[in-house]
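Q: One file is attached below, final_28.cif, containing mmCIF, C-alpha atoms.
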```
data_protein
loop_
_atom_site.group_PDB
_atom_site.id
_atom_site.type_symbol
_atom_site.label_atom_id
_atom_site.label_comp_id
_atom_site.auth_asym_id
_atom_site.auth_seq_id
_atom_site.Cartn_x
_atom_site.Cartn_y
_atom_site.Cartn_z
ATOM 1 C CA GLY A 1 9.116 -8.795 24.592
ATOM 2 C CA ALA A 2 9.473 -11.839 22.422
ATOM 3 C CA GLY A 3 9.056 -11.332 18.691
ATOM 4 C CA GLY A 4 5.650 -12.145 17.234
ATOM 5 C CA VAL A 5 5.022 -14.259 14.154
ATOM 6 C CA TRP A 6 2.775 -13.391 11.247
ATOM 7 C CA SER A 7 1.531 -16.132 8.932
ATOM 8 C CA GLY A 8 -0.155 -16.387 5.555
ATOM 9 C CA ARG A 9 -0.285 -18.506 2.402
ATOM 10 C CA ARG A 10 1.021 -17.468 -0.992
ATOM 11 C CA SER A 11 -1.527 -19.590 -2.867
ATOM 12 C CA TRP A 12 -4.593 -18.303 -1.064
ATOM 13 C CA ARG A 13 -7.534 -19.740 -2.994
ATOM 14 C CA GLY A 14 -9.373 -16.415 -3.146
ATOM 15 C CA PHE A 15 -6.562 -14.890 -5.192
ATOM 16 C CA ASP A 16 -6.533 -17.966 -7.432
ATOM 17 C CA ARG A 17 -10.247 -17.566 -8.150
ATOM 18 C CA MET A 18 -9.773 -13.856 -8.834
ATOM 19 C CA ASN A 19 -7.014 -14.653 -11.285
ATOM 20 C CA GLN A 20 -9.112 -17.271 -13.073
ATOM 21 C CA ARG A 21 -12.051 -14.911 -13.428
ATOM 22 C CA SER A 22 -10.322 -11.706 -14.433
ATOM 23 C CA GLY A 23 -6.685 -12.474 -15.173
ATOM 24 C CA SER A 24 -5.568 -10.438 -12.154
ATOM 25 C CA ARG A 25 -4.703 -11.195 -8.531
ATOM 26 C CA VAL A 26 -5.168 -7.519 -7.597
ATOM 27 C CA GLY A 27 -8.506 -6.788 -5.968
ATOM 28 C CA VAL A 28 -8.992 -3.375 -7.596
ATOM 29 C CA ALA A 29 -8.508 -4.785 -11.081
ATOM 30 C CA SER A 30 -10.422 -7.991 -10.438
ATOM 31 C CA PHE A 31 -13.555 -6.416 -8.959
ATOM 32 C CA ASP A 32 -13.331 -3.048 -10.742
ATOM 33 C CA ILE A 33 -13.234 -1.277 -7.366
ATOM 34 C CA ASP A 34 -13.466 2.504 -7.586
ATOM 35 C CA LEU A 35 -11.315 3.196 -4.507
ATOM 36 C CA VAL A 36 -7.546 2.783 -4.797
ATOM 37 C CA SER A 37 -5.070 2.967 -1.912
ATOM 38 C CA ALA A 38 -1.916 4.995 -2.530
ATOM 39 C CA GLY A 39 0.846 6.674 -0.579
ATOM 40 C CA ALA A 40 4.125 8.577 -0.658
ATOM 41 C CA GLY A 41 6.593 6.024 0.654
ATOM 42 C CA ILE A 42 9.866 6.968 2.302
ATOM 43 C CA GLY A 43 12.630 4.940 0.701
ATOM 44 C CA GLY A 44 16.254 4.141 1.356
ATOM 45 C CA ARG A 45 18.226 5.166 4.469
ATOM 46 C CA ARG A 46 18.828 1.535 5.427
ATOM 47 C CA ASP A 47 22.499 2.285 6.091
ATOM 48 C CA GLY A 48 21.582 5.071 8.500
ATOM 49 C CA TRP A 49 19.251 2.852 10.476
ATOM 50 C CA ALA A 50 21.780 0.008 10.432
ATOM 51 C CA ALA A 51 24.468 2.269 11.928
ATOM 52 C CA ALA A 52 22.067 3.636 14.550
ATOM 53 C CA TYR A 53 20.915 0.174 15.558
ATOM 54 C CA ALA A 54 24.508 -1.032 15.764
ATOM 55 C CA GLU A 55 25.082 1.680 18.373
ATOM 56 C CA LEU A 56 22.215 0.153 20.353
ATOM 57 C CA GLY A 57 23.572 -3.384 19.967
ATOM 58 C CA VAL A 58 20.775 -4.446 17.586
ATOM 59 C CA GLU A 59 21.695 -6.844 14.788
ATOM 60 C CA PHE A 60 20.675 -5.773 11.295
ATOM 61 C CA THR A 61 21.507 -8.581 8.879
ATOM 62 C CA ASP A 62 20.557 -9.080 5.233
ATOM 63 C CA ASP A 63 17.628 -11.344 6.121
ATOM 64 C CA ILE A 64 15.887 -8.485 7.957
ATOM 65 C CA ASP A 65 13.326 -6.257 6.228
ATOM 66 C CA MET A 66 12.985 -2.662 7.347
ATOM 67 C CA THR A 67 10.216 -0.076 7.136
ATOM 68 C CA ALA A 68 12.161 3.072 6.298
ATOM 69 C CA LYS A 69 9.487 5.431 7.643
ATOM 70 C CA THR A 70 9.813 4.236 11.242
ATOM 71 C CA GLY A 71 12.738 1.792 11.277
ATOM 72 C CA SER A 72 10.642 -1.247 12.262
ATOM 73 C CA LEU A 73 12.247 -4.619 11.546
ATOM 74 C CA HIS A 74 11.047 -8.074 10.505
ATOM 75 C CA ARG A 75 13.237 -11.118 9.913
ATOM 76 C CA LYS A 76 12.400 -13.052 6.764
ATOM 77 C CA PRO A 77 12.410 -16.855 7.027
ATOM 78 C CA ASP A 78 14.343 -19.216 4.829
ATOM 79 C CA ALA A 79 11.888 -19.940 2.005
ATOM 80 C CA ALA A 80 13.030 -23.558 1.841
ATOM 81 C CA SER A 81 11.975 -24.087 5.450
ATOM 82 C CA VAL A 82 8.408 -22.779 5.199
ATOM 83 C CA GLY A 83 7.333 -23.749 1.681
ATOM 84 C CA GLU A 84 4.271 -21.895 0.469
ATOM 85 C CA ALA A 85 3.724 -20.187 3.836
ATOM 86 C CA TYR A 86 6.036 -17.432 2.686
ATOM 87 C CA HIS A 87 4.787 -14.758 5.068
ATOM 88 C CA PHE A 88 6.088 -16.237 8.317
ATOM 89 C CA MET A 89 8.156 -13.328 9.575
ATOM 90 C CA GLU A 90 9.576 -12.711 13.016
ATOM 91 C CA MET A 91 8.695 -9.279 14.312
ATOM 92 C CA LEU A 92 11.719 -7.703 15.996
ATOM 93 C CA HIS A 93 11.575 -4.885 18.547
ATOM 94 C CA PRO A 94 14.817 -2.923 18.074
ATOM 95 C CA LEU A 95 14.028 -0.316 20.752
ATOM 96 C CA GLU A 96 12.979 -2.683 23.540
ATOM 97 C CA HIS A 97 16.176 -2.121 25.550
ATOM 98 C CA VAL A 98 16.427 1.656 25.109
ATOM 99 C CA THR A 99 16.564 3.437 28.465
ATOM 100 C CA GLU A 100 16.908 7.142 27.614
ATOM 101 C CA VAL A 101 15.014 9.570 25.395
ATOM 102 C CA LYS A 102 18.278 10.839 23.908
ATOM 103 C CA GLN A 103 18.795 7.404 22.378
ATOM 104 C CA LEU A 104 15.510 7.802 20.553
ATOM 105 C CA GLU A 105 16.338 11.352 19.509
ATOM 106 C CA SER A 106 19.564 10.195 17.831
ATOM 107 C CA LEU A 107 17.814 7.780 15.444
ATOM 108 C CA PRO A 108 17.634 8.664 11.709
ATOM 109 C CA TRP A 109 13.951 9.566 11.601
ATOM 110 C CA PRO A 110 12.655 10.905 8.255
ATOM 111 C CA ARG A 111 13.744 14.462 7.510
ATOM 112 C CA GLU A 112 11.790 17.084 5.610
ATOM 113 C CA CYS A 113 14.033 16.580 2.583
ATOM 114 C CA ASP A 114 13.227 12.850 2.668
ATOM 115 C CA TRP A 115 9.514 13.601 2.530
ATOM 116 C CA ARG A 116 9.940 16.040 -0.338
ATOM 117 C CA GLU A 117 11.930 13.511 -2.327
ATOM 118 C CA ALA A 118 9.471 10.695 -1.580
ATOM 119 C CA SER A 119 6.393 12.728 -2.501
ATOM 120 C CA LYS A 120 7.637 14.665 -5.524
ATOM 121 C CA ASP A 121 5.926 12.326 -8.021
ATOM 122 C CA TYR A 122 2.956 11.529 -5.811
ATOM 123 C CA PRO A 123 0.578 14.262 -7.092
ATOM 124 C CA ALA A 124 1.061 13.008 -10.657
ATOM 125 C CA GLN A 125 0.275 9.463 -9.541
ATOM 126 C CA VAL A 126 -2.923 10.611 -7.866
ATOM 127 C CA GLU A 127 -3.868 12.652 -10.936
ATOM 128 C CA ALA A 128 -3.368 9.591 -13.148
ATOM 129 C CA LEU A 129 -5.630 7.518 -10.911
ATOM 130 C CA HIS A 130 -8.280 10.239 -11.015
ATOM 131 C CA ALA A 131 -8.033 10.275 -14.807
ATOM 132 C CA ARG A 132 -8.920 6.567 -14.743
ATOM 133 C CA GLY A 133 -12.044 7.347 -12.744
ATOM 134 C CA ARG A 134 -10.689 6.118 -9.418
ATOM 135 C CA ALA A 135 -11.079 7.674 -6.012
ATOM 136 C CA VAL A 136 -7.807 7.669 -4.084
ATOM 137 C CA CYS A 137 -7.386 6.772 -0.413
ATOM 138 C CA GLY A 138 -4.126 8.050 1.046
ATOM 139 C CA SER A 139 -2.630 5.349 3.235
ATOM 140 C CA ASN A 140 -1.802 6.380 6.781
ATOM 141 C CA ALA A 141 -2.153 3.064 8.605
ATOM 142 C CA CYS A 142 -0.252 2.241 11.811
ATOM 143 C CA THR A 143 -0.881 5.824 12.872
ATOM 144 C CA CYS A 144 0.276 5.696 16.478
ATOM 145 C CA PHE A 145 -0.016 2.620 18.693
ATOM 146 C CA GLU A 146 0.856 -0.043 16.138
ATOM 147 C CA ALA A 147 4.068 1.457 14.781
ATOM 148 C CA ALA A 148 5.246 2.331 18.289
ATOM 149 C CA TRP A 149 4.839 -1.168 19.693
ATOM 150 C CA TYR A 150 6.498 -2.675 16.626
ATOM 151 C CA LEU A 151 9.604 -0.754 17.687
ATOM 152 C CA ARG A 152 9.385 -0.932 21.461
ATOM 153 C CA GLY A 153 7.502 -4.191 22.030
ATOM 154 C CA MET A 154 3.887 -4.198 23.142
ATOM 155 C CA ASP A 155 4.611 -5.096 26.758
ATOM 156 C CA GLN A 156 7.321 -2.447 27.099
ATOM 157 C CA LEU A 157 5.180 0.246 25.517
ATOM 158 C CA LEU A 158 2.027 -0.451 27.533
ATOM 159 C CA PHE A 159 3.791 -0.952 30.861
ATOM 160 C CA ALA A 160 5.753 2.263 30.386
ATOM 161 C CA ARG A 161 2.562 4.189 29.629
ATOM 162 C CA HIS A 162 0.896 2.705 32.687
ATOM 163 C CA GLU A 163 3.843 3.796 34.855
ATOM 164 C CA GLY A 164 4.021 7.243 33.263
ATOM 165 C CA ALA A 165 7.557 6.870 31.879
ATOM 166 C CA ASP A 166 8.764 9.384 29.282
ATOM 167 C CA LEU A 167 10.138 6.920 26.700
ATOM 168 C CA GLY A 168 6.786 5.631 25.516
ATOM 169 C CA GLY A 169 5.272 9.093 25.310
ATOM 170 C CA TRP A 170 8.192 10.452 23.295
ATOM 171 C CA LEU A 171 8.008 7.531 20.882
ATOM 172 C CA LEU A 172 4.244 7.856 20.426
ATOM 173 C CA ASP A 173 4.595 11.574 19.743
ATOM 174 C CA LYS A 174 7.330 10.941 17.166
ATOM 175 C CA ILE A 175 5.276 8.273 15.387
ATOM 176 C CA CYS A 176 2.283 10.631 15.301
ATOM 177 C CA HIS A 177 4.478 13.414 13.924
ATOM 178 C CA ILE A 178 5.517 11.081 11.099
ATOM 179 C CA ALA A 179 1.864 10.187 10.499
ATOM 180 C CA ARG A 180 0.931 13.861 10.245
ATOM 181 C CA ARG A 181 3.756 14.514 7.785
ATOM 182 C CA GLN A 182 2.581 11.588 5.682
ATOM 183 C CA ALA A 183 -0.960 12.940 5.866
ATOM 184 C CA LEU A 184 0.297 16.317 4.645
ATOM 185 C CA ALA A 185 1.818 14.615 1.596
ATOM 186 C CA ASN A 186 -1.584 13.048 0.941
ATOM 187 C CA CYS A 187 -3.312 16.426 1.240
ATOM 188 C CA GLU A 188 -0.827 18.057 -1.119
ATOM 189 C CA ALA A 189 -1.296 15.260 -3.650
ATOM 190 C CA GLY A 190 -5.063 15.766 -3.700
ATOM 191 C CA VAL A 191 -6.294 12.388 -2.463
ATOM 192 C CA ASP A 192 -10.008 11.954 -1.825
ATOM 193 C CA MET A 193 -9.745 10.451 1.640
ATOM 194 C CA ILE A 194 -7.059 9.537 4.162
ATOM 195 C CA GLN A 195 -6.881 6.304 6.121
ATOM 196 C CA PHE A 196 -5.931 6.399 9.794
ATOM 197 C CA GLY A 197 -5.916 3.380 12.037
ATOM 198 C CA ASP A 198 -4.235 0.986 14.446
ATOM 199 C CA ASP A 199 -5.063 -2.593 15.352
ATOM 200 C CA VAL A 200 -6.279 -2.260 18.935
ATOM 201 C CA GLY A 201 -8.907 -5.009 19.000
ATOM 202 C CA MET A 202 -9.160 -8.767 19.353
ATOM 203 C CA GLN A 203 -12.006 -11.221 18.782
ATOM 204 C CA THR A 204 -13.192 -10.622 22.353
ATOM 205 C CA GLY A 205 -12.628 -6.900 22.777
ATOM 206 C CA MET A 206 -9.879 -4.293 22.957
ATOM 207 C CA MET A 207 -6.249 -5.147 23.701
ATOM 208 C CA MET A 208 -6.382 -2.654 26.554
ATOM 209 C CA HIS A 209 -8.967 -1.071 28.803
ATOM 210 C CA PRO A 210 -10.951 1.593 26.886
ATOM 211 C CA ASP A 211 -10.014 4.203 29.495
ATOM 212 C CA PHE A 212 -6.321 3.472 28.886
ATOM 213 C CA TRP A 213 -6.843 3.935 25.127
ATOM 214 C CA ARG A 214 -8.757 7.159 25.685
ATOM 215 C CA LYS A 215 -5.974 8.547 27.863
ATOM 216 C CA HIS A 216 -2.893 7.626 25.828
ATOM 217 C CA PHE A 217 -3.961 7.054 22.215
ATOM 218 C CA LYS A 218 -7.256 8.772 21.436
ATOM 219 C CA PRO A 219 -5.895 12.339 21.953
ATOM 220 C CA ARG A 220 -2.959 11.673 19.637
ATOM 221 C CA LEU A 221 -5.227 10.212 16.963
ATOM 222 C CA ALA A 222 -7.604 13.163 17.361
ATOM 223 C CA ASP A 223 -4.687 15.595 16.887
ATOM 224 C CA SER A 224 -3.694 13.829 13.662
ATOM 225 C CA ILE A 225 -7.246 14.008 12.318
ATOM 226 C CA ALA A 226 -7.503 17.686 13.274
ATOM 227 C CA PHE A 227 -4.222 18.314 11.446
ATOM 228 C CA VAL A 228 -5.675 16.830 8.252
ATOM 229 C CA ARG A 229 -8.852 18.875 8.547
ATOM 230 C CA GLU A 230 -6.775 22.017 8.942
ATOM 231 C CA HIS A 231 -4.596 21.312 5.914
ATOM 232 C CA GLU A 232 -7.105 19.747 3.538
ATOM 233 C CA HIS A 233 -8.665 23.144 2.864
ATOM 234 C CA ARG A 234 -5.304 24.561 1.803
ATOM 235 C CA HIS A 235 -4.874 21.984 -0.934
ATOM 236 C CA THR A 236 -8.367 21.642 -2.408
#
```
What's the structure tokens form of this structure?

A:
Amino acid sequence: GAGGVWSGRRSWRGFDRMNQRSGSRVGVASFDIDLVSAGAGIGGRRDGWAAAYAELGVEFTDDIDMTAKTGSLHRKPDAASVGEAYHFMEMLHPLEHVTEVKQLESLPWPRECDWREASKDYPAQVEALHARGRAVCGSNACTCFEAAWYLRGMDQLLFARHEGADLGGWLLDKICHIARRQALANCEAGVDMIQFGDDVGMQTGMMMHPDFWRKHFKPRLADSIAFVREHEHRHT
């Protein structure tokens, strides 16, 4: 499908008021919030994704940002053209024209060694936050649906699930596998809670029929939560 557009304003007045009151534009520091979000981020591997996307005929230029964990892409705008509305970014769907599961299998998804490298300093970071009296929430957002449609396109992903095609199911399972591995890093680091979630709602209701969500997304989310409950006891 066509790329979406996200918008925001750099000089949001709420941040300005926070800064005036406390000298910080960070919510945790400004309001002395006890809960801090943290995570073990996968870094690098841009060259690997660029080569893989080139094989699929997907452009990967310098003005495109990438999420290394899943390979999702966003094109940054020319700052001179949007002024203070710096967060206008075009959401790209690099896997929208994929036709075979083997194309998905060949992508440079995070390896176990990548996770070990990314999370090696994470326990110390969590310990330091605990020493400051903070509770730590391990970030695990975009658990299943959201990350998958970023890559495939929402229309492609939902239509394929409705028709029972294998591509969407394979991609959802891979994204959930990544989410579980990220959750394991959070468990090993000793966080106090783990965030799961996908944006599936609008102002008027869900983006899809609840029965569709229960069939295709709820079981995968439930498996991820069960995985955390199984492993949290091993690291507490």

Q: Between A:Glu232, A:Glu59, A:Glu146, A:Glu96, which has the minimum distance to A:Phe196 (counting all atoms listed in the file)?

A: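 Of all the options, A:Glu146 lies closest to A:Phe196.
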
Q: Give as a CSV table (one decimal) with C-alpha atoms, keeping the file's coordinate frame the residues that the PyMOL selection byres ((chain A and resi 168) around 12) matches when applied to the coordinates above.

A:
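Written output follows (expr.csv):
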```
chain,number,residue,atom,x,y,z
A,95,LEU,CA,14.0,-0.3,20.8
A,96,GLU,CA,13.0,-2.7,23.5
A,98,VAL,CA,16.4,1.7,25.1
A,99,THR,CA,16.6,3.4,28.5
A,100,GLU,CA,16.9,7.1,27.6
A,101,VAL,CA,15.0,9.6,25.4
A,104,LEU,CA,15.5,7.8,20.6
A,144,CYS,CA,0.3,5.7,16.5
A,145,PHE,CA,0.0,2.6,18.7
A,147,ALA,CA,4.1,1.5,14.8
A,148,ALA,CA,5.2,2.3,18.3
A,149,TRP,CA,4.8,-1.2,19.7
A,151,LEU,CA,9.6,-0.8,17.7
A,152,ARG,CA,9.4,-0.9,21.5
A,153,GLY,CA,7.5,-4.2,22.0
A,154,MET,CA,3.9,-4.2,23.1
A,155,ASP,CA,4.6,-5.1,26.8
A,156,GLN,CA,7.3,-2.4,27.1
A,157,LEU,CA,5.2,0.2,25.5
A,158,LEU,CA,2.0,-0.5,27.5
A,159,PHE,CA,3.8,-1.0,30.9
A,160,ALA,CA,5.8,2.3,30.4
A,161,ARG,CA,2.6,4.2,29.6
A,162,HIS,CA,0.9,2.7,32.7
A,163,GLU,CA,3.8,3.8,34.9
A,164,GLY,CA,4.0,7.2,33.3
A,165,ALA,CA,7.6,6.9,31.9
A,166,ASP,CA,8.8,9.4,29.3
A,167,LEU,CA,10.1,6.9,26.7
A,169,GLY,CA,5.3,9.1,25.3
A,170,TRP,CA,8.2,10.5,23.3
A,171,LEU,CA,8.0,7.5,20.9
A,172,LEU,CA,4.2,7.9,20.4
A,173,ASP,CA,4.6,11.6,19.7
A,174,LYS,CA,7.3,10.9,17.2
A,175,ILE,CA,5.3,8.3,15.4
A,216,HIS,CA,-2.9,7.6,25.8
A,217,PHE,CA,-4.0,7.1,22.2
```

Q: Please determine, counting only C-alpha atoms, which residue among A:Ile194, A:Ala185, A:Val58, A:Ala118 has the shortest atom-to-atom distance to A:Thr143.

A: A:Ile194

Q: Quote the spacing between atom CA of A:Met193 and atom CA of A:Ser139 in Å to one decimal place.

A: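 Atom CA of A:Met193 sits 8.9 Å away from atom CA of A:Ser139.
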
Q: Between A:Gly201, A:Pro94, A:Pro210, A:Gly190, which residue has the minimum interatomic distance to A:His130, considering all atoms listed in the file?

A: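 Nearest candidate to A:His130 out of A:Gly201, A:Pro94, A:Pro210, A:Gly190: A:Gly190.
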
Q: I'd like the interatomic distance between atom CA of A:Arg229 and atom CA of A:Arg111, to a tenth of an Å.

A: 23.0 Å

Q: Out of A:Leu73, A:Ala226, A:Ile178, A:Ala131, which residue has the shortest atom-to-atom distance to A:Glu112 when counting all atoms listed in the file?

A: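 Among the listed residues, the smallest separation from A:Glu112 belongs to A:Ile178.
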
Q: Would you translate the PyMOL selection byres ((chain A and resi 41-52) around 10) into the concrete set of residues it matches in this file, as a short mmCIF file (atom, residue, chain, number, x, y, z; two decimals) with C-alpha atoms, keeping the file's coordinate frame?

A:
```cif
data_model
loop_
_atom_site.label_atom_id
_atom_site.label_comp_id
_atom_site.auth_asym_id
_atom_site.auth_seq_id
_atom_site.Cartn_x
_atom_site.Cartn_y
_atom_site.Cartn_z
CA ALA A 38 -1.92 5.00 -2.53
CA GLY A 39 0.85 6.67 -0.58
CA ALA A 40 4.12 8.58 -0.66
CA TYR A 53 20.92 0.17 15.56
CA ALA A 54 24.51 -1.03 15.76
CA GLU A 55 25.08 1.68 18.37
CA LEU A 56 22.22 0.15 20.35
CA GLY A 57 23.57 -3.38 19.97
CA VAL A 58 20.78 -4.45 17.59
CA GLU A 59 21.70 -6.84 14.79
CA PHE A 60 20.68 -5.77 11.30
CA THR A 61 21.51 -8.58 8.88
CA ASP A 65 13.33 -6.26 6.23
CA MET A 66 12.98 -2.66 7.35
CA THR A 67 10.22 -0.08 7.14
CA ALA A 68 12.16 3.07 6.30
CA LYS A 69 9.49 5.43 7.64
CA THR A 70 9.81 4.24 11.24
CA GLY A 71 12.74 1.79 11.28
CA SER A 72 10.64 -1.25 12.26
CA GLN A 103 18.80 7.40 22.38
CA LEU A 104 15.51 7.80 20.55
CA SER A 106 19.56 10.20 17.83
CA LEU A 107 17.81 7.78 15.44
CA PRO A 108 17.63 8.66 11.71
CA TRP A 109 13.95 9.57 11.60
CA PRO A 110 12.66 10.90 8.26
CA ARG A 111 13.74 14.46 7.51
CA ASP A 114 13.23 12.85 2.67
CA TRP A 115 9.51 13.60 2.53
CA ARG A 116 9.94 16.04 -0.34
CA GLU A 117 11.93 13.51 -2.33
CA ALA A 118 9.47 10.70 -1.58
CA SER A 119 6.39 12.73 -2.50
CA TYR A 122 2.96 11.53 -5.81
CA SER A 139 -2.63 5.35 3.24
CA GLN A 182 2.58 11.59 5.68
CA ALA A 185 1.82 14.62 1.60
#
```

Q: Output as AutoDock Vina command-line options the centre and edge lengths (Å, one decimal) of the box along x, y and z of the file that holds every listed atom of stretch 107-125 of chain A after adding 4 Å on each side.

A:
```
--center_x 9.0 --center_y 12.4 --center_z 2.4 --size_x 25.5 --size_y 17.3 --size_z 34.1
```

Q: What does the structure give for the distance between atom CA of A:Arg180 and atom CA of A:Phe212, in Å to one decimal?

A: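 Distance reported for this atom pair: 22.5 Å.
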